[in-house]
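See structure below.
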Amino acid sequence: MKSPSPSPSGGRLIFGDFVIDAEAARLLLLDREIELRPKSFEVLCLLAQNAERVVSRDELAAAVWRGRVATDESIAQCISDIRRALSDADQRLLQTVPRRGYVLKVPVHQAPARPVGEHVAGAVTDRPSIVVLPFNNISEGARLDMLARGFTEDITTGLARYAQLFVIGRESAMAFGEGARDARAIGQAAGVRFVVQGSLRWNAGQVRITAKLIQAEDEAVVWADHFDGADDRFFTFQDEIVGRIVGALVDSVDRQSQRRSRRSGTDSLGAYELFLQGRELRRTIVPAHFPEAELLLERATALDPDFAPAYTELAFLQHYYLGLRSGVRSRAEQIERGLRMARRAYELAPDLPAASLVLGNLHMRAHDYVEAERWARRAIRLGPGDAENYAGLANVLSFAGRSEEAIDLMHTANRYDPIRPPMHEFYLARALAWTGRFEQALPLAQSCVARAPGFWVCKMVLVVVLAHLGRIKEAAAARAEWQQQCGIGAPQDYLDHGDTVPGPEFDRLREGLRLAGLADG
């Protein structure tokens with residue numbers, strides 16, 4: 001007898017108008033994604049891999065629940081979910097065979113595996129997909145390297161405000177841009193139809209920016225131009241390039257949307273450089289770097305009191321201080337300062353997605369989860385193509401005890417930025433762990449710890465995951481490292497004064513720490 005595969009395999013399985021994209025964990029109907037809970041998706045994958053053969057409940061339990069108890073009710077719920085997703089109320093596709101199991105009664109075809117990254121844009125073929133490669137600094141000096149990176153990111157963020165475009169995120173764009181600059185190869189690796197390349201040169205207060213939009217398939221240049229002028233026109237050139245790219249790819253964009261796409265930034269090059277330095281330090285997620293980041297950002301707002309992104313970064317720093325138990329202010333003072341900075345950013349630029357996102361995270365720190373979700377969802381509406389906004393809402397929902405929804409949001413974030421930053425690995429690992437998917441969470445937590453050793457919350461998730469998997473010695477060792485890094489009382493403090501709402505998910509955290517040797521306080 002042919003035995004079922006233990007987990008979803010790579011590639012795509014096709015039946016009728018449906019596509020199972022196992023790599024991206026998505027069910028598609030004519031390129032439209034159909035929502036399906038992760039466990040139900042695994043059951044569907046297993047049935048599709050064994051199409052037209054009856055798969056017993058025991059086989060389903062062994063392959064999908066991997067040795068954990070699977071009740072008849074939980075299996076029946078997955079089957080019900082799948083039928084709802086397939087619009088199969090009359091059981092034409094997914095049939096129950098009494099006392100034997102279930103069968104997907106339809107031919108299923110295996111599609112060839114896609115090139116690395118192609119699944120990112122696969123669900124949005126109706127939208128032009130694009131990656132903005134890091135602009136080359138062809139002048140000398142590390143200062144100009146940072147300006148080139150900031151310029152690239154601002155263009156990416158500007159494009160991500162258009163729902164008509166699918167834009168690859170910052171972390172992945174940097175990885176795809178390393179090495180060869182062949183647009184066809186990059187397009188295949190990133191799974192996009194268009195590539196933006198460019199360069200910046202400074203000389204005696206003058207700047208020259210070149211940019212071109214290339215169709216990856218045949219390397220045809222769709223649009224190219226250069227911009228010359230005094231360096232105080234730097235930000236004007238950013239807006240012009242975004243507008244030209246959008247004009248080349250989108251038939252019609254309303255004027256309100258065009259206005260909203262502008263940076264809400266500064267005309268001060270000095271303030272912008274300070275902002276970039278502060279943001280880069282904040283993104284290290286190393287608490288020792290945060291005070292310097294705060295000073296740089298405060299200097300940026302002193303140079304330009306109306307620079308909304310700098311206030312947003314200051315607000316994010318307070319959110320990080322709170323989450324990582326660092327900083328010299330009291331919790332109440334940090335929440336108050338963070339909200340004040342975030343509200344200032346919102347007043348200056350109400351259509352800046354990051355301002356809404358940080359307001360959501362700070363309301364979560366204040367334990368106002370309803371308001372937190374409202375602001376985080378607003379960020380997605382303003383920046384529907386930015387992975388950070390989906391990850392930010394996922395963070396809020398995990399603290400609110402809704403990690404199942406957070407997992408789905410992180411899958412969306414990963415489609416926009418498939419080479420996920422450590423913070424995104426943490427969000428997904430935590431959501432998987434809090435919903436009991438410890439085996440899936442383990443490699444993500446381990447990777448996060450390796451990539452960001454100063455970001456101790458990754459280690460906290462690793463402790464919990466190892467403990468629940470029965471690897472108690474490893475869990476205890478990781479807990480001891482966490483306590484050495486943050487202080488002997490850190491785990492108990494996280495339990496007593498954390499932001500996660502009480503409930504089953506918090507109970508998994510508490511039980512994991514107990515198993516790892518933390519005495520109940």
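Just remember, in the structure tokens the first chain shown is A, the second B, etc., residues are 1-based per chain, and ligands are 1-based in the order shown.
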
Within 12 Å of stretch 235-241 of chain A, counting only C-alpha atoms, which residues show up once you throw out same-chain ones fewer than 4 positions away? Write them as a ChimeraX atom specification, please. /A:132,135,147-148,150-159,196-198,200,207-213,223-231,245-248,258-269,272

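By only C-alpha atoms, and with residues fewer than 2 positions from stretch 287-289 of chain A along its chain excluded, the set lying at most 9 Å from it is Leu281, Arg282, Thr284, Ile285, Pro291, Glu292, Ala293, Glu294, Tyr320, Tyr321, Leu324, Arg325, Ser326, Gly327, Gly454 and Phe455 of chain A.
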
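Neighbouring residues of A:Ala185 at 10 Å or closer, counting only C-alpha atoms and skipping chain neighbours under 5 positions away, are Phe176, Ala180, Ala190, Gly191, Ala216, Glu217 and Glu219 of chain A.
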
If you run DSSP on the backbone here, which positions in stretch 86-323 of chain A get alpha helix (DSSP H)? Please write them as a PyMOL selection string. chain A and resi 119-122+142-160+170-176+183-190+234-249+255-260+269-283+290-303+308-323

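Distance-wise, atom CA of A:Leu297 and atom CA of A:Ala271 end up 8.3 Å apart.
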
Excluding A:Ala355 and any residue of its chain fewer than 6 positions from it, enumerate the residues within 7 Å of it, using only C-alpha atoms, and give them as a list in words. Thr312, Ala342, Ala345 and Tyr346 of chain A

Of the candidates A:Leu518, A:Val54, A:His468, A:Arg244, which one gets nearest to A:Gly489 if we count only C-alpha atoms? A:Leu518

Pull the strand (DSSP E) assignments for stretch 153-358 of chain A out of DSSP run on the backbone, and list those residues as a PyMOL selection string. chain A and resi 166-167+194-203+206-215+220-230

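Residues in contact range of A:Arg193, defined as at most 9 Å between only C-alpha atoms, with sequence neighbours fewer than 3 positions away removed, read Ala121, Pro128, Ser129, Ile130, Val131, Gly187, Gln188, Ala190, Ile214, Gln215, Ala216 and Glu217 of chain A.
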
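Rounded to one decimal, atom CA of A:Arg127 and atom CA of A:Val167 lie 9.7 Å from each other.
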
Skipping near chain neighbours, those fewer than 2 positions away, what residues fall within 12 Å of A:Ala48 using only C-alpha atoms, listed as a PyMOL selection string? chain A and resi 4-5+7-9+12-16+18-22+27+41-46+50-55+82+93-94+102-110
